[in-house]
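Chemist: Next up, upload16.pdb (PDB, C-alpha atoms and all ligand atoms).
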```pdb
MODEL        1
ATOM      1  CA  MET A   1     103.739 -15.719 156.360
ATOM      2  CA  LYS A   2     106.767 -16.873 154.489
ATOM      3  CA  ASN A   3     107.068 -19.837 156.807
ATOM      4  CA  LEU A   4     103.448 -20.811 156.437
ATOM      5  CA  THR A   5     103.609 -20.829 152.660
ATOM      6  CA  SER A   6     106.784 -22.810 152.523
ATOM      7  CA  THR A   7     105.470 -25.460 154.903
ATOM      8  CA  LEU A   8     101.944 -25.722 153.521
ATOM      9  CA  LEU A   9     102.651 -25.691 149.824
ATOM     10  CA  PRO A  10     104.936 -28.724 149.631
ATOM     11  CA  SER A  11     102.492 -30.857 151.580
ATOM     12  CA  PHE A  12      99.668 -29.689 149.343
ATOM     13  CA  PHE A  13     101.619 -30.723 146.275
ATOM     14  CA  ALA A  14     102.533 -34.005 147.876
ATOM     15  CA  ALA A  15      98.897 -34.768 148.553
ATOM     16  CA  THR A  16      97.928 -33.811 145.018
ATOM     17  CA  LEU A  17     100.690 -35.951 143.586
ATOM     18  CA  LEU A  18      99.717 -38.897 145.718
ATOM     19  CA  ALA A  19      96.097 -38.555 144.716
ATOM     20  CA  ALA A  20      97.090 -38.197 141.093
ATOM     21  CA  CYS A  21      99.118 -41.427 141.274
ATOM     22  CA  GLY A  22      96.255 -43.350 142.741
ATOM     23  CA  GLY A  23      97.256 -42.502 146.322
ATOM     24  CA  GLU A  24      96.377 -45.878 147.786
ATOM     25  CA  LYS A  25      97.827 -44.980 151.136
ATOM     26  CA  THR A  26      95.553 -42.007 151.646
ATOM     27  CA  PRO A  27      92.204 -42.941 150.185
ATOM     28  CA  GLU A  28      90.335 -40.375 152.301
ATOM     29  CA  THR A  29      92.356 -37.448 151.043
ATOM     30  CA  PRO A  30      90.066 -35.640 148.658
ATOM     31  CA  THR A  31      91.827 -34.233 145.668
ATOM     32  CA  PRO A  32      91.491 -30.471 145.876
ATOM     33  CA  PRO A  33      89.672 -29.437 142.721
ATOM     34  CA  THR A  34      91.784 -27.129 140.622
ATOM     35  CA  PRO A  35      89.935 -24.221 139.015
ATOM     36  CA  ALA A  36      90.562 -25.732 135.596
ATOM     37  CA  ALA A  37      89.003 -29.043 136.586
ATOM     38  CA  THR A  38      85.936 -27.297 137.956
ATOM     39  CA  THR A  39      85.346 -25.347 134.770
ATOM     40  CA  GLN A  40      85.802 -28.400 132.604
ATOM     41  CA  ALA A  41      83.411 -30.434 134.672
ATOM     42  CA  ALA A  42      80.790 -27.696 134.617
ATOM     43  CA  ALA A  43      80.949 -26.953 130.910
ATOM     44  CA  PRO A  44      79.122 -29.978 129.455
ATOM     45  CA  ALA A  45      76.415 -29.748 132.093
ATOM     46  CA  ALA A  46      75.958 -26.002 131.590
ATOM     47  CA  VAL A  47      72.340 -25.192 130.935
ATOM     48  CA  MET A  48      71.407 -23.093 127.941
ATOM     49  CA  THR A  49      70.662 -19.493 128.770
ATOM     50  CA  ILE A  50      67.065 -18.410 128.412
ATOM     51  CA  GLU A  51      68.011 -16.372 125.320
ATOM     52  CA  GLN A  52      69.577 -19.452 123.736
ATOM     53  CA  ARG A  53      66.393 -21.405 124.341
ATOM     54  CA  GLY A  54      64.427 -18.505 122.959
ATOM     55  CA  ALA A  55      66.582 -18.408 119.853
ATOM     56  CA  ARG A  56      65.625 -22.016 119.154
ATOM     57  CA  ILE A  57      61.970 -21.304 119.616
ATOM     58  CA  PHE A  58      62.170 -18.195 117.474
ATOM     59  CA  LYS A  59      63.086 -20.432 114.549
ATOM     60  CA  ARG A  60      59.356 -21.073 114.372
ATOM     61  CA  CYS A  61      58.724 -17.356 113.957
ATOM     62  CA  GLN A  62      61.513 -16.434 111.612
ATOM     63  CA  ALA A  63      59.803 -17.728 108.500
ATOM     64  CA  CYS A  64      57.576 -14.686 108.968
ATOM     65  CA  HIS A  65      59.523 -12.223 111.125
ATOM     66  CA  THR A  66      62.875 -10.465 111.197
ATOM     67  CA  LEU A  67      64.106  -8.841 114.412
ATOM     68  CA  GLU A  68      67.007  -6.568 113.521
ATOM     69  CA  GLU A  69      66.785  -2.822 113.050
ATOM     70  CA  GLY A  70      65.631  -2.064 109.532
ATOM     71  CA  GLY A  71      64.937  -5.753 108.877
ATOM     72  CA  ARG A  72      62.487  -6.459 106.112
ATOM     73  CA  ASN A  73      58.874  -7.335 106.536
ATOM     74  CA  LYS A  74      58.147 -10.865 105.456
ATOM     75  CA  VAL A  75      54.763 -12.518 105.870
ATOM     76  CA  GLY A  76      54.750 -10.730 109.231
ATOM     77  CA  PRO A  77      56.192  -7.356 110.204
ATOM     78  CA  ASN A  78      59.769  -6.708 111.288
ATOM     79  CA  LEU A  79      59.775  -6.710 115.084
ATOM     80  CA  TRP A  80      62.538  -4.197 115.897
ATOM     81  CA  GLY A  81      61.374  -1.933 118.715
ATOM     82  CA  VAL A  82      58.139  -3.844 119.191
ATOM     83  CA  TYR A  83      58.243  -3.648 123.006
ATOM     84  CA  GLY A  84      56.517  -0.486 124.089
ATOM     85  CA  ALA A  85      55.019   0.019 120.620
ATOM     86  CA  GLN A  86      51.362  -0.008 119.720
ATOM     87  CA  ALA A  87      50.160  -3.148 117.980
ATOM     88  CA  GLY A  88      50.037  -2.687 114.239
ATOM     89  CA  ALA A  89      52.384   0.301 114.251
ATOM     90  CA  HIS A  90      55.086  -0.759 111.806
ATOM     91  CA  GLU A  91      54.661   1.553 108.853
ATOM     92  CA  ALA A  92      54.849  -0.232 105.527
ATOM     93  CA  PHE A  93      53.229  -3.374 106.785
ATOM     94  CA  ALA A  94      49.674  -4.306 105.853
ATOM     95  CA  TYR A  95      48.210  -5.405 109.159
ATOM     96  CA  SER A  96      44.791  -6.903 109.575
ATOM     97  CA  LYS A  97      42.038  -4.534 110.625
ATOM     98  CA  ALA A  98      41.834  -6.502 113.833
ATOM     99  CA  MET A  99      45.446  -5.826 114.735
ATOM    100  CA  LYS A 100      45.259  -2.152 113.879
ATOM    101  CA  ALA A 101      42.127  -1.737 115.950
ATOM    102  CA  ALA A 102      43.341  -3.885 118.846
ATOM    103  CA  GLY A 103      44.555  -0.957 120.949
ATOM    104  CA  ILE A 104      47.282  -3.086 122.468
ATOM    105  CA  THR A 105      50.629  -1.816 123.704
ATOM    106  CA  TRP A 106      53.213  -4.568 123.540
ATOM    107  CA  THR A 107      54.480  -5.392 127.008
ATOM    108  CA  GLU A 108      55.578  -8.701 128.479
ATOM    109  CA  GLU A 109      51.990  -9.327 129.552
ATOM    110  CA  THR A 110      50.241  -8.519 126.277
ATOM    111  CA  MET A 111      52.938 -10.335 124.312
ATOM    112  CA  ASP A 112      52.514 -13.390 126.517
ATOM    113  CA  ALA A 113      48.788 -13.446 125.903
ATOM    114  CA  TYR A 114      49.175 -12.974 122.146
ATOM    115  CA  LEU A 115      51.840 -15.635 121.773
ATOM    116  CA  LYS A 116      49.821 -18.106 123.802
ATOM    117  CA  LYS A 117      46.859 -17.995 121.424
ATOM    118  CA  PRO A 118      47.135 -15.291 118.792
ATOM    119  CA  ALA A 119      43.701 -15.879 117.322
ATOM    120  CA  GLU A 120      42.052 -15.715 120.692
ATOM    121  CA  TYR A 121      43.817 -12.631 121.986
ATOM    122  CA  VAL A 122      43.363 -10.712 118.728
ATOM    123  CA  PRO A 123      40.368 -12.287 116.992
ATOM    124  CA  GLY A 124      40.791 -11.793 113.274
ATOM    125  CA  THR A 125      44.590 -11.499 113.359
ATOM    126  CA  LYS A 126      46.200 -12.650 110.169
ATOM    127  CA  MET A 127      49.132 -14.166 111.991
ATOM    128  CA  SER A 128      48.529 -17.809 111.237
ATOM    129  CA  PHE A 129      50.411 -19.283 114.115
ATOM    130  CA  ILE A 130      48.791 -21.659 116.543
ATOM    131  CA  GLY A 131      50.552 -20.287 119.610
ATOM    132  CA  LEU A 132      53.073 -21.433 122.182
ATOM    133  CA  LYS A 133      51.338 -23.497 124.832
ATOM    134  CA  LYS A 134      54.153 -23.652 127.333
ATOM    135  CA  GLN A 135      54.799 -20.693 129.594
ATOM    136  CA  GLU A 136      58.511 -21.474 129.602
ATOM    137  CA  ASP A 137      58.621 -21.360 125.801
ATOM    138  CA  ARG A 138      56.884 -17.993 125.749
ATOM    139  CA  ASP A 139      59.204 -16.650 128.432
ATOM    140  CA  ALA A 140      62.240 -17.870 126.521
ATOM    141  CA  VAL A 141      61.148 -16.480 123.181
ATOM    142  CA  GLN A 142      60.355 -13.151 124.819
ATOM    143  CA  ALA A 143      63.775 -13.000 126.477
ATOM    144  CA  TYR A 144      65.333 -13.588 123.075
ATOM    145  CA  MET A 145      63.082 -11.108 121.270
ATOM    146  CA  LYS A 146      63.742  -8.429 123.858
ATOM    147  CA  SER A 147      67.486  -8.889 123.597
ATOM    148  CA  LYS A 148      67.293  -8.544 119.815
ATOM    149  CA  THR A 149      64.641  -5.875 119.284
ATOM    150  CA  THR A 150      65.419  -3.375 122.013
ATOM    151  CA  PRO A 151      67.854  -0.573 121.282
ATOM    152  CA  GLN A 152      70.776  -1.074 123.696
TER     153      GLN A 152
HETATM  154  C1  LIG B   1      53.002 -17.747 109.344
HETATM  155  C2  LIG B   1      53.668 -16.503 109.595
HETATM  156  C3  LIG B   1      53.886 -16.101 111.038
HETATM  157  C4  LIG B   1      54.470 -16.828 112.055
HETATM  158  C5  LIG B   1      54.998 -18.247 112.008
HETATM  159  C6  LIG B   1      54.530 -15.948 113.200
HETATM  160  N1  LIG B   1      53.986 -14.740 112.880
HETATM  161 FE1  LIG B   1      53.859 -13.119 114.113
HETATM  162  N2  LIG B   1      52.784 -12.140 112.697
HETATM  163  C7  LIG B   1      52.479 -12.599 111.441
HETATM  164  C8  LIG B   1      51.591 -11.683 110.781
HETATM  165  C9  LIG B   1      51.007 -11.839 109.372
HETATM  166  C10 LIG B   1      51.373 -10.615 111.688
HETATM  167  C11 LIG B   1      50.458  -9.433 111.511
HETATM  168  C12 LIG B   1      49.151  -9.835 112.196
HETATM  169  C13 LIG B   1      47.959  -8.957 111.876
HETATM  170  O1  LIG B   1      48.092  -7.943 111.169
HETATM  171  O2  LIG B   1      46.883  -9.330 112.328
HETATM  172  C14 LIG B   1      52.150 -10.937 112.892
HETATM  173  C15 LIG B   1      52.228 -10.127 114.005
HETATM  174  C16 LIG B   1      53.054 -10.352 115.081
HETATM  175  C17 LIG B   1      53.269  -9.427 116.164
HETATM  176  C18 LIG B   1      52.647  -8.037 116.295
HETATM  177  C19 LIG B   1      53.580  -7.058 115.620
HETATM  178  C20 LIG B   1      53.097  -5.627 115.614
HETATM  179  O3  LIG B   1      53.788  -4.827 114.959
HETATM  180  O4  LIG B   1      52.099  -5.297 116.235
HETATM  181  C21 LIG B   1      54.145 -10.014 117.004
HETATM  182  C22 LIG B   1      54.717  -9.421 118.275
HETATM  183  C23 LIG B   1      54.466 -11.312 116.466
HETATM  184  N3  LIG B   1      53.788 -11.475 115.291
HETATM  185  C24 LIG B   1      55.347 -12.205 117.038
HETATM  186  C25 LIG B   1      55.518 -13.526 116.598
HETATM  187  C26 LIG B   1      56.299 -14.504 117.268
HETATM  188  C27 LIG B   1      57.098 -14.272 118.534
HETATM  189  C28 LIG B   1      56.202 -15.661 116.570
HETATM  190  C29 LIG B   1      56.768 -17.022 116.897
HETATM  191  C30 LIG B   1      56.461 -17.555 118.205
HETATM  192  C31 LIG B   1      55.381 -15.373 115.408
HETATM  193  N4  LIG B   1      54.987 -14.073 115.467
HETATM  194  C32 LIG B   1      55.079 -16.290 114.404
HETATM  195  C33 LIG B   1      52.933 -13.776 110.891
HETATM  196  C34 LIG B   1      53.554 -14.801 111.592
ENDMDL
END
```
Would you mind giving the structure from this file in structure tokens?
Ligand code: HEC
Modeler:
Amino acid sequence: MKNLTSTLLPSFFAATLLAACGGEKTPETPTPPTPAATTQAAAPAAVMTIEQRGARIFKRCQACHTLEEGGRNKVGPNLWGVYGAQAGAHEAFAYSKAMKAAGITWTEETMDAYLKKPAEYVPGTKMSFIGLKKQEDRDAVQAYMKSKTTPQ
């Protein structure tokens, strides 16, 4: 083992050095990517996480909604703990009759339908928001909402 390391390492460094200096004599020798180089190359191309995309989309909701535990009601109710809750259940918020009578439990499916076209899914809702047409936007905003409104 000792022998292998001492014979392989110097030639590895030599190849790296040659490549680093332009290495005209060995154009085929690929420079072995160092871990640091890989991370640096990947960073700018890194895609936003779904929660990060959701956070951007939620900017459209936050004029009316807070997410954090004990957050205040604005034009719309605070959404802490909304998943698994009955629609219209936040005490101290004046929901529309339609929402209170909707009989909906908020799951990914019901939330998806509501966010797609609020006024169609709950006719008479007083949430004046047109809806999120794109499935990927609804998925992203839900991922974000879940991460922020669910007790960990
Ligand atoms: C213009 C203000 C406004 C905007 C923008 C808005 N909402 Fe609402 N939202 C409301 C109101 C008002 C209600 C209560 C509806 C009712 O009582 O019919 C509500 C209700 C809800 C509910 C049901 C809460 C419960 O306790 O049953 C959810 C979930 C919700 N909104 C999510 C969202 C999301 C997600 C967005 C952004 C994509 C959004 N809202 C954008 C005003 C708004």
Chemist: Need to verify the contact set: region 46-56 of chain A, 10 Å, all atoms listed in the file, exclusion of same-chain residues closer than 3 positions in sequence. Can you return it as an MDAnalysis selection string?
Modeler: chainID A and resid 39 41:43 59:62 136:148
Chemist: Pick out the residues sitting within 12 Å of Leu79 (chain A), and hand them over as a PDB file with C-alpha atoms, in the coordinates of the input; count all atoms listed in the file, and ignore anything fewer than 6 positions along from it in its own chain.
Modeler:
```pdb
ATOM      1  CA  PHE A  58      62.170 -18.195 117.474  1.00  0.00           C
ATOM      2  CA  CYS A  61      58.724 -17.356 113.957  1.00  0.00           C
ATOM      3  CA  GLN A  62      61.513 -16.434 111.612  1.00  0.00           C
ATOM      4  CA  CYS A  64      57.576 -14.686 108.968  1.00  0.00           C
ATOM      5  CA  HIS A  65      59.523 -12.223 111.125  1.00  0.00           C
ATOM      6  CA  THR A  66      62.875 -10.465 111.197  1.00  0.00           C
ATOM      7  CA  LEU A  67      64.106  -8.841 114.412  1.00  0.00           C
ATOM      8  CA  GLU A  68      67.007  -6.568 113.521  1.00  0.00           C
ATOM      9  CA  GLU A  69      66.785  -2.822 113.050  1.00  0.00           C
ATOM     10  CA  GLY A  70      65.631  -2.064 109.532  1.00  0.00           C
ATOM     11  CA  GLY A  71      64.937  -5.753 108.877  1.00  0.00           C
ATOM     12  CA  ARG A  72      62.487  -6.459 106.112  1.00  0.00           C
ATOM     13  CA  ASN A  73      58.874  -7.335 106.536  1.00  0.00           C
ATOM     14  CA  ALA A  85      55.019   0.019 120.620  1.00  0.00           C
ATOM     15  CA  GLN A  86      51.362  -0.008 119.720  1.00  0.00           C
ATOM     16  CA  ALA A  87      50.160  -3.148 117.980  1.00  0.00           C
ATOM     17  CA  GLY A  88      50.037  -2.687 114.239  1.00  0.00           C
ATOM     18  CA  ALA A  89      52.384   0.301 114.251  1.00  0.00           C
ATOM     19  CA  HIS A  90      55.086  -0.759 111.806  1.00  0.00           C
ATOM     20  CA  GLU A  91      54.661   1.553 108.853  1.00  0.00           C
ATOM     21  CA  PHE A  93      53.229  -3.374 106.785  1.00  0.00           C
ATOM     22  CA  TRP A 106      53.213  -4.568 123.540  1.00  0.00           C
ATOM     23  CA  GLN A 142      60.355 -13.151 124.819  1.00  0.00           C
ATOM     24  CA  TYR A 144      65.333 -13.588 123.075  1.00  0.00           C
ATOM     25  CA  MET A 145      63.082 -11.108 121.270  1.00  0.00           C
ATOM     26  CA  LYS A 146      63.742  -8.429 123.858  1.00  0.00           C
ATOM     27  CA  SER A 147      67.486  -8.889 123.597  1.00  0.00           C
ATOM     28  CA  LYS A 148      67.293  -8.544 119.815  1.00  0.00           C
ATOM     29  CA  THR A 149      64.641  -5.875 119.284  1.00  0.00           C
ATOM     30  CA  THR A 150      65.419  -3.375 122.013  1.00  0.00           C
ATOM     31  CA  PRO A 151      67.854  -0.573 121.282  1.00  0.00           C
TER      32      PRO A 151
END
```
Chemist: Assuming the chain letters and numbering stay as they are in my file, what does the PyMOL selection byres (((chain A and resi 100-104) around 12) and not hetatm) actually select? List them as a PyMOL selection string.
Modeler: chain A and resi 82-91+93-99+105-111+113-114+121-126
Chemist: Restricting the calculation to only C-alpha atoms and all ligand atoms, which member of A:Gln152, A:Gln135, A:Ala119, A:Phe129 is positioned closest to ligand LIG 1 (chain B)?
Modeler: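 Of A:Gln152, A:Gln135, A:Ala119, A:Phe129, the one nearest ligand LIG 1 (chain B), counting only C-alpha atoms and all ligand atoms, is A:Phe129.
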Chemist: I'd like the box whose edges run along x, y and z of the file and which contains every listed atom of ligand LIG 1 (chain B), padded by 4 Å per side; could you state its centre and edge lengths in Å, one decimal, as AutoDock Vina command-line options?
Modeler:
```
--center_x 52.0 --center_y -11.5 --center_z 113.9 --size_x 18.2 --size_y 21.4 --size_z 17.2
```
Chemist: What would the selection look like, as a list in words, if the PyMOL selection byres (((chain A and resi 116) around 8) and not hetatm) were run on the coordinates I just shared?
Modeler: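 Given this file, the PyMOL selection byres (((chain A and resi 116) around 8) and not hetatm) evaluates to Asp112, Ala113, Tyr114, Leu115, Lys117, Pro118, Gly131, Leu132, Lys133, Lys134 and Arg138 of chain A.
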Chemist: Find the distance between CA of Lys74 (chain A) and atom C27 of ligand LIG 1 (chain B) and write it in Å to one decimal.
Modeler: 13.6 Å
